[in-house]
Each structure stands twice: as structure tokens, then as C-alpha cells.
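*Asks:* Okay, so here is work.cif, and as you'll see once you scroll down, it has mmCIF, C-alpha atoms.
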data_my_file
loop_
_atom_site.group_PDB
_atom_site.id
_atom_site.type_symbol
_atom_site.label_atom_id
_atom_site.label_comp_id
_atom_site.auth_asym_id
_atom_site.auth_seq_id
_atom_site.Cartn_x
_atom_site.Cartn_y
_atom_site.Cartn_z
ATOM 1 C CA MET A 1 -2.896 -61.369 -19.728
ATOM 2 C CA SER A 2 -5.803 -59.633 -18.035
ATOM 3 C CA ILE A 3 -6.148 -58.953 -14.333
ATOM 4 C CA VAL A 4 -8.893 -61.576 -13.931
ATOM 5 C CA THR A 5 -6.671 -64.290 -15.364
ATOM 6 C CA SER A 6 -3.777 -63.262 -13.123
ATOM 7 C CA VAL A 7 -5.922 -63.354 -9.984
ATOM 8 C CA LEU A 8 -7.416 -66.736 -10.911
ATOM 9 C CA LEU A 9 -3.991 -68.268 -11.608
ATOM 10 C CA ILE A 10 -2.365 -66.981 -8.431
ATOM 11 C CA VAL A 11 -5.290 -67.953 -6.190
ATOM 12 C CA GLY A 12 -5.409 -71.404 -7.791
ATOM 13 C CA VAL A 13 -1.695 -71.987 -7.277
ATOM 14 C CA ILE A 14 -1.836 -70.791 -3.650
ATOM 15 C CA THR A 15 -4.760 -73.174 -3.091
ATOM 16 C CA ALA A 16 -2.571 -76.019 -4.359
ATOM 17 C CA LEU A 17 0.137 -74.983 -1.894
ATOM 18 C CA ILE A 18 -2.391 -74.919 0.982
ATOM 19 C CA GLY A 19 -3.667 -78.385 0.044
ATOM 20 C CA THR A 20 -0.110 -79.704 0.116
ATOM 21 C CA MET A 21 0.486 -78.155 3.541
ATOM 22 C CA GLY A 22 -2.727 -79.804 4.776
ATOM 23 C CA CYS A 23 -1.262 -83.140 3.742
ATOM 24 C CA PHE A 24 1.479 -82.473 6.331
ATOM 25 C CA ARG A 25 -0.663 -80.958 9.084
ATOM 26 C CA PHE A 26 -3.392 -83.586 9.400
ATOM 27 C CA ASP A 27 -2.442 -86.720 11.298
ATOM 28 C CA ASN A 28 -5.303 -88.917 10.056
ATOM 29 C CA PHE A 29 -5.556 -90.475 6.606
ATOM 30 C CA LEU A 30 -9.223 -89.551 6.128
ATOM 31 C CA ALA A 31 -8.519 -85.910 6.965
ATOM 32 C CA ARG A 32 -5.607 -85.941 4.527
ATOM 33 C CA THR A 33 -7.858 -87.062 1.671
ATOM 34 C CA HIS A 34 -9.936 -83.957 2.332
ATOM 35 C CA ALA A 35 -6.922 -81.685 1.860
ATOM 36 C CA VAL A 36 -5.850 -83.482 -1.322
ATOM 37 C CA SER A 37 -9.379 -83.302 -2.768
ATOM 38 C CA ILE A 38 -9.206 -79.505 -2.570
ATOM 39 C CA VAL A 39 -6.242 -79.532 -4.962
ATOM 40 C CA ASP A 40 -8.090 -81.952 -7.238
ATOM 41 C CA THR A 41 -11.232 -79.840 -7.528
ATOM 42 C CA PHE A 42 -10.903 -76.193 -6.493
ATOM 43 C CA SER A 43 -7.350 -75.469 -7.623
ATOM 44 C CA THR A 44 -7.897 -77.224 -10.960
ATOM 45 C CA LEU A 45 -11.105 -75.264 -11.529
ATOM 46 C CA LEU A 46 -9.447 -71.897 -10.860
ATOM 47 C CA ILE A 47 -6.330 -72.502 -12.982
ATOM 48 C CA ILE A 48 -8.189 -73.953 -15.977
ATOM 49 C CA LEU A 49 -10.818 -71.189 -15.826
ATOM 50 C CA GLY A 50 -8.030 -68.599 -15.874
ATOM 51 C CA LEU A 51 -6.369 -70.257 -18.863
ATOM 52 C CA VAL A 52 -9.687 -70.474 -20.744
ATOM 53 C CA LEU A 53 -10.182 -66.740 -20.212
ATOM 54 C CA HIS A 54 -6.632 -66.173 -21.467
ATOM 55 C CA TYR A 55 -6.935 -68.229 -24.657
ATOM 56 C CA GLY A 56 -10.428 -67.039 -25.581
ATOM 57 C CA LEU A 57 -12.798 -69.033 -27.766
ATOM 58 C CA SER A 58 -10.683 -71.614 -29.595
ATOM 59 C CA LEU A 59 -9.881 -75.300 -29.863
ATOM 60 C CA LEU A 60 -7.358 -74.982 -27.016
ATOM 61 C CA SER A 61 -10.117 -73.847 -24.658
ATOM 62 C CA LEU A 62 -12.197 -76.867 -25.630
ATOM 63 C CA LYS A 63 -9.286 -79.153 -24.779
ATOM 64 C CA LEU A 64 -8.800 -77.348 -21.461
ATOM 65 C CA LEU A 65 -12.475 -77.828 -20.566
ATOM 66 C CA LEU A 66 -12.109 -81.492 -21.536
ATOM 67 C CA ILE A 67 -9.163 -81.806 -19.112
ATOM 68 C CA LEU A 68 -11.260 -80.113 -16.401
ATOM 69 C CA VAL A 69 -14.184 -82.536 -16.826
ATOM 70 C CA PHE A 70 -11.822 -85.495 -16.942
ATOM 71 C CA LEU A 71 -9.896 -84.451 -13.823
ATOM 72 C CA TYR A 72 -13.141 -83.902 -11.919
ATOM 73 C CA ILE A 73 -14.392 -87.399 -12.711
ATOM 74 C CA THR A 74 -11.140 -89.327 -12.278
ATOM 75 C CA GLY A 75 -9.770 -87.474 -9.251
ATOM 76 C CA SER A 76 -12.896 -88.022 -7.229
ATOM 77 C CA THR A 77 -13.085 -91.667 -8.342
ATOM 78 C CA ALA A 78 -9.461 -92.381 -7.427
ATOM 79 C CA ILE A 79 -9.744 -90.872 -3.942
ATOM 80 C CA HIS A 80 -13.060 -92.654 -3.369
ATOM 81 C CA ALA A 81 -11.498 -96.009 -4.285
ATOM 82 C CA LEU A 82 -8.524 -95.265 -2.036
ATOM 83 C CA THR A 83 -10.763 -94.426 0.929
ATOM 84 C CA GLN A 84 -12.873 -97.552 0.412
ATOM 85 C CA ALA A 85 -9.735 -99.709 0.391
ATOM 86 C CA PHE A 86 -8.489 -97.990 3.556
ATOM 87 C CA LEU A 87 -11.787 -98.575 5.382
ATOM 88 C CA LYS A 88 -11.902 -102.190 4.238
ATOM 89 C CA HIS A 89 -8.401 -103.178 5.317
ATOM 90 C CA SER A 90 -7.497 -101.009 8.300
ATOM 91 C CA GLY A 91 -10.321 -101.906 10.701
ATOM 92 C CA ASN A 92 -11.099 -98.215 11.077
ATOM 93 C CA LYS A 93 -14.839 -97.545 10.882
ATOM 94 C CA GLY A 94 -14.396 -93.980 9.717
ATOM 95 C CA GLU A 95 -14.159 -92.139 12.999
ATOM 96 C CA ILE A 96 -11.569 -89.389 13.103
ATOM 97 C CA LYS A 97 -9.868 -89.522 16.464
ATOM 98 C CA MET B 5 1.801 -61.867 -19.658
ATOM 99 C CA SER B 6 4.576 -64.238 -18.800
ATOM 100 C CA GLU B 7 5.548 -62.773 -15.404
ATOM 101 C CA ILE B 8 2.366 -63.986 -13.718
ATOM 102 C CA SER B 9 2.744 -67.384 -15.365
ATOM 103 C CA ILE B 10 6.338 -67.699 -14.193
ATOM 104 C CA LEU B 11 5.335 -66.714 -10.647
ATOM 105 C CA ALA B 12 2.559 -69.327 -10.712
ATOM 106 C CA ILE B 13 4.998 -71.959 -12.027
ATOM 107 C CA PHE B 14 7.410 -71.067 -9.208
ATOM 108 C CA ILE B 15 4.798 -71.452 -6.441
ATOM 109 C CA LEU B 16 3.486 -74.686 -7.962
ATOM 110 C CA SER B 17 7.028 -76.088 -8.147
ATOM 111 C CA ILE B 18 7.497 -75.349 -4.436
ATOM 112 C CA ALA B 19 4.261 -77.239 -3.697
ATOM 113 C CA LEU B 20 5.514 -80.122 -5.867
ATOM 114 C CA ILE B 21 8.836 -80.354 -4.003
ATOM 115 C CA ILE B 22 7.034 -80.270 -0.639
ATOM 116 C CA SER B 23 4.743 -83.105 -1.709
ATOM 117 C CA ILE B 24 7.757 -85.180 -2.813
ATOM 118 C CA PHE B 25 9.118 -84.794 0.748
ATOM 119 C CA ARG B 26 5.707 -85.931 2.022
ATOM 120 C CA PHE B 27 5.976 -89.012 -0.186
ATOM 121 C CA ILE B 28 9.385 -89.870 1.292
ATOM 122 C CA THR B 29 8.361 -89.389 4.934
ATOM 123 C CA ALA B 30 4.996 -91.199 4.725
ATOM 124 C CA ASN B 31 5.002 -94.509 6.527
ATOM 125 C CA GLU B 32 1.719 -96.080 5.432
ATOM 126 C CA ILE B 33 0.980 -97.195 1.876
ATOM 127 C CA TYR B 34 -2.363 -95.410 1.480
ATOM 128 C CA THR B 35 -0.799 -92.023 2.170
ATOM 129 C CA LYS B 36 1.887 -92.768 -0.406
ATOM 130 C CA ILE B 37 -0.703 -93.582 -3.095
ATOM 131 C CA LEU B 38 -2.638 -90.435 -2.148
ATOM 132 C CA VAL B 39 0.475 -88.288 -2.550
ATOM 133 C CA VAL B 40 1.268 -89.925 -5.913
ATOM 134 C CA ASN B 41 -2.209 -88.883 -7.078
ATOM 135 C CA LEU B 42 -1.581 -85.364 -5.765
ATOM 136 C CA ILE B 43 1.771 -85.087 -7.565
ATOM 137 C CA GLY B 44 0.188 -86.241 -10.832
ATOM 138 C CA THR B 45 -2.587 -83.656 -10.629
ATOM 139 C CA LYS B 46 -0.092 -80.902 -9.929
ATOM 140 C CA ILE B 47 2.133 -81.972 -12.818
ATOM 141 C CA VAL B 48 -0.887 -81.688 -15.154
ATOM 142 C CA LEU B 49 -1.451 -78.124 -13.923
ATOM 143 C CA LEU B 50 2.275 -77.385 -14.295
ATOM 144 C CA ILE B 51 2.280 -78.577 -17.921
ATOM 145 C CA LEU B 52 -0.695 -76.316 -18.662
ATOM 146 C CA LEU B 53 1.055 -73.310 -17.107
ATOM 147 C CA VAL B 54 4.301 -73.985 -18.992
ATOM 148 C CA GLY B 55 2.218 -74.062 -22.194
ATOM 149 C CA THR B 56 1.288 -70.395 -21.690
ATOM 150 C CA VAL B 57 4.970 -69.349 -21.529
ATOM 151 C CA SER B 58 6.265 -71.481 -24.383
ATOM 152 C CA ILE B 59 5.813 -70.790 -28.090
ATOM 153 C CA GLU B 60 4.640 -74.338 -28.748
ATOM 154 C CA LYS B 61 0.900 -74.925 -28.372
ATOM 155 C CA ASP B 62 0.887 -78.718 -28.058
ATOM 156 C CA PHE B 63 1.207 -78.818 -24.279
ATOM 157 C CA THR B 64 -2.549 -79.208 -23.795
ATOM 158 C CA ASP B 65 -2.559 -82.580 -25.546
ATOM 159 C CA ILE B 66 0.348 -83.742 -23.395
ATOM 160 C CA ALA B 67 -1.522 -82.667 -20.252
ATOM 161 C CA LEU B 68 -4.616 -84.601 -21.368
ATOM 162 C CA VAL B 69 -2.572 -87.774 -21.931
ATOM 163 C CA TYR B 70 -0.817 -87.278 -18.570
ATOM 164 C CA ALA B 71 -4.170 -86.987 -16.770
ATOM 165 C CA LEU B 72 -5.300 -90.276 -18.338
ATOM 166 C CA ILE B 73 -2.089 -92.098 -17.371
ATOM 167 C CA ASN B 74 -2.223 -90.651 -13.849
ATOM 168 C CA PHE B 75 -5.695 -92.077 -13.228
ATOM 169 C CA ILE B 76 -4.796 -95.504 -14.596
ATOM 170 C CA SER B 77 -1.571 -95.680 -12.554
ATOM 171 C CA THR B 78 -3.304 -94.729 -9.281
ATOM 172 C CA ILE B 79 -6.013 -97.357 -9.721
ATOM 173 C CA VAL B 80 -3.553 -100.069 -10.768
ATOM 174 C CA ILE B 81 -1.115 -99.466 -7.871
ATOM 175 C CA LEU B 82 -4.050 -99.446 -5.437
ATOM 176 C CA LYS B 83 -5.407 -102.704 -6.832
ATOM 177 C CA TYR B 84 -1.976 -104.343 -6.617
ATOM 178 C CA TYR B 85 -1.556 -103.497 -2.933
ATOM 179 C CA GLU B 86 -5.161 -104.401 -2.160
ATOM 180 C CA ASP B 87 -4.699 -107.865 -3.664
ATOM 181 C CA LYS B 88 -1.433 -108.266 -1.779
ATOM 182 C CA GLU B 89 -3.189 -107.329 1.459
ATOM 183 C CA ALA B 90 -6.079 -109.731 0.777
ATOM 184 C CA THR B 91 -3.804 -112.739 0.225
ATOM 185 C CA LYS B 92 -1.776 -111.998 3.345
#
Would you write out, as C-alpha cells, the structure that this file holds?
*Replies:*
Amino acid sequence: MSIVTSVLLIVGVITALIGTMGCFRFDNFLARTHAVSIVDTFSTLLIILGLVLHYGLSLLSLKLLLILVFLYITGSTAIHALTQAFLKHSGNKGEIK
Amino acid sequence: MSEISILAIFILSIALIISIFRFITANEIYTKILVVNLIGTKIVLLILLVGTVSIEKDFTDIALVYALINFISTIVILKYYEDKEATK
């Protein structure tokens, strides 16, 4: 495993840990979605990029890129739907107090 | 090769345990659904990392199926509670 892959994996995993800590630190739901979205996009990008560099050009890398594209689309959609439901039912107009 | 992967699996497992505590201590339903989505994403990443340590190479397919099920489950749980809130 090359040094680039190691750095990408470790930075991606630490980003996931930071996103989880943000879920504790923020006291507003809308701010918490921001912290969770970082795990969904940035951490996933770093880890899957590191694994693609590790496996090289093969069918496994194609599947990994497929997972990356799928997680980007569905993660953003799920959090968007969640935020819309929160704004609709909680009476909050989106201001972060 | 495998030392870095095992270190990454260790840190990701710590993040997973912390988010399970967040799920238990959350008191509103939207935060709980958000944390369920977070746990699912991190389990997909964990399956991919375990696939680099193991001899088997089929973990990528399992991760793909898990990502699909995670999306469906988040949307369905959200829709259930939204309908329950609307009829209240």
C-alpha cells in the first residue's frame, strides 16, 4: 500500500470522526445536518479514492466508483428530504439561533 | 499494507460507537433519522476497508447493496413519521 493511499485513508477516517463529533457539538438540527453531510461527501470521497489507487485499474475500482456516485446522489437526497420535513413540521423558518 | 487498513478500521469503529451513543441520547426524531443515515454511510465505508484486509474480494458488492438499502430505509422511515405527524 503506497504512501498516498495511506494518507488518503487516514485523513478520510479522521474526517468521519470529526463529523461524528460535530453531531454532538452543535445544538441545532440544521447545523447538525451540515456536520453529517461532511461524512457523506468528503470522507467518502477520500476513502474511495484511496482504495481505487490501491486496487489499480480493474473491475473492483469500477464498482468502487459506482458506490461513490451512488452515495453522492442518495446521501444528499436523503438529507435534503429530512431537512424539508423538519422545516415543514417544526415551525422553524430556517434561522439558526 | 494491512497495518494502515487496521488502523483506519479502528478509528472508524470508534466513530461508529460514538454515533450509536448519539442515537441513544437524541430526543427528537429528526436527529435520530439523521444519525441512522450517518451510521449506514459509515458501515458502507467499514465494509470497504475490511475488504482490503480480507482474502475475499466480494465485499464491494455487499457494500453496494448496503448503500442501496440504507437509502431506501432512511426515506421510508422519514415518510412514516411524516405521515404520522400530518395525521396528528
*Asks:* Return as a PDB file with C-alpha atoms, in the frame of the given file the set of residues that the PyMOL selection byres ((chain B and resi 71) around 8) yields on the displayed structure.
*Replies:*
ATOM      1  CA  ILE A  67      -9.163 -81.806 -19.112  1.00  0.00           C
ATOM      2  CA  PHE A  70     -11.822 -85.495 -16.942  1.00  0.00           C
ATOM      3  CA  LEU A  71      -9.896 -84.451 -13.823  1.00  0.00           C
TER       4      LEU A  71
ATOM      5  CA  GLY B  44       0.188 -86.241 -10.832  1.00  0.00           C
ATOM      6  CA  THR B  45      -2.587 -83.656 -10.629  1.00  0.00           C
ATOM      7  CA  VAL B  48      -0.887 -81.688 -15.154  1.00  0.00           C
ATOM      8  CA  ALA B  67      -1.522 -82.667 -20.252  1.00  0.00           C
ATOM      9  CA  LEU B  68      -4.616 -84.601 -21.368  1.00  0.00           C
ATOM     10  CA  VAL B  69      -2.572 -87.774 -21.931  1.00  0.00           C
ATOM     11  CA  TYR B  70      -0.817 -87.278 -18.570  1.00  0.00           C
ATOM     12  CA  LEU B  72      -5.300 -90.276 -18.338  1.00  0.00           C
ATOM     13  CA  ILE B  73      -2.089 -92.098 -17.371  1.00  0.00           C
ATOM     14  CA  ASN B  74      -2.223 -90.651 -13.849  1.00  0.00           C
ATOM     15  CA  PHE B  75      -5.695 -92.077 -13.228  1.00  0.00           C
TER      16      PHE B  75
END
*Asks:* Give me the residues within 12 Å of Phe26 of chain A as a compact mmCIF listing (two decimals) with C-alpha atoms, keeping the file's coordinate frame, counting all atoms listed in the file and dropping any in the same chain fewer than 6 places off.
*Replies:*
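Result file out-v2.txt:
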# COMPACT_ATOMS: atom_id res chain seq x y z
CA GLY A 19 -3.67 -78.39 0.04
CA THR A 20 -0.11 -79.70 0.12
CA ARG A 32 -5.61 -85.94 4.53
CA THR A 33 -7.86 -87.06 1.67
CA HIS A 34 -9.94 -83.96 2.33
CA ALA A 35 -6.92 -81.68 1.86
CA VAL A 36 -5.85 -83.48 -1.32
CA ILE A 96 -11.57 -89.39 13.10
CA LYS A 97 -9.87 -89.52 16.46
CA ARG B 26 5.71 -85.93 2.02
CA THR B 35 -0.80 -92.02 2.17
*Asks:* Check every residue of chain A for an atom within 6 Å of chain B, counting all atoms listed in the file, and provide those that qualify as number ranges by chain.
*Replies:* A: 1, 10, 13, 17, 67
*Asks:* Could you write out as number ranges by chain the residues that the PyMOL selection byres ((chain A and resi 46-51) around 6) matches in the shown file?
*Replies:* A: 5, 8-9, 12, 43-45, 52-54
*Asks:* Quick check, in Å to one decimal: how far apart do atom CA of Leu82 of chain A and atom CA of Val11 of chain A lie?
*Replies:*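 Taking atom CA of Leu82 of chain A and atom CA of Val11 of chain A, their separation equals 27.8 Å.
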*Asks:* Just to confirm, what's the straight-line distance from atom CA of Ile47 of chain B to atom CA of Lys88 of chain B in Å (one decimal)?
*Replies:* 28.7 Å
*Asks:* One number please: atom CA of Arg25 of chain A to atom CA of Val40 of chain B, in Å, one decimal.
*Replies:*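 Computing it gives 17.6 Å between the two atoms.
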*Asks:* I'd like to know which of A:Ser90, A:Gln84, A:Leu30, A:Ala78 is closest to Val80 of chain B, using only C-alpha atoms.
*Replies:*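 Smallest distance to Val80 of chain B is found for A:Ala78.
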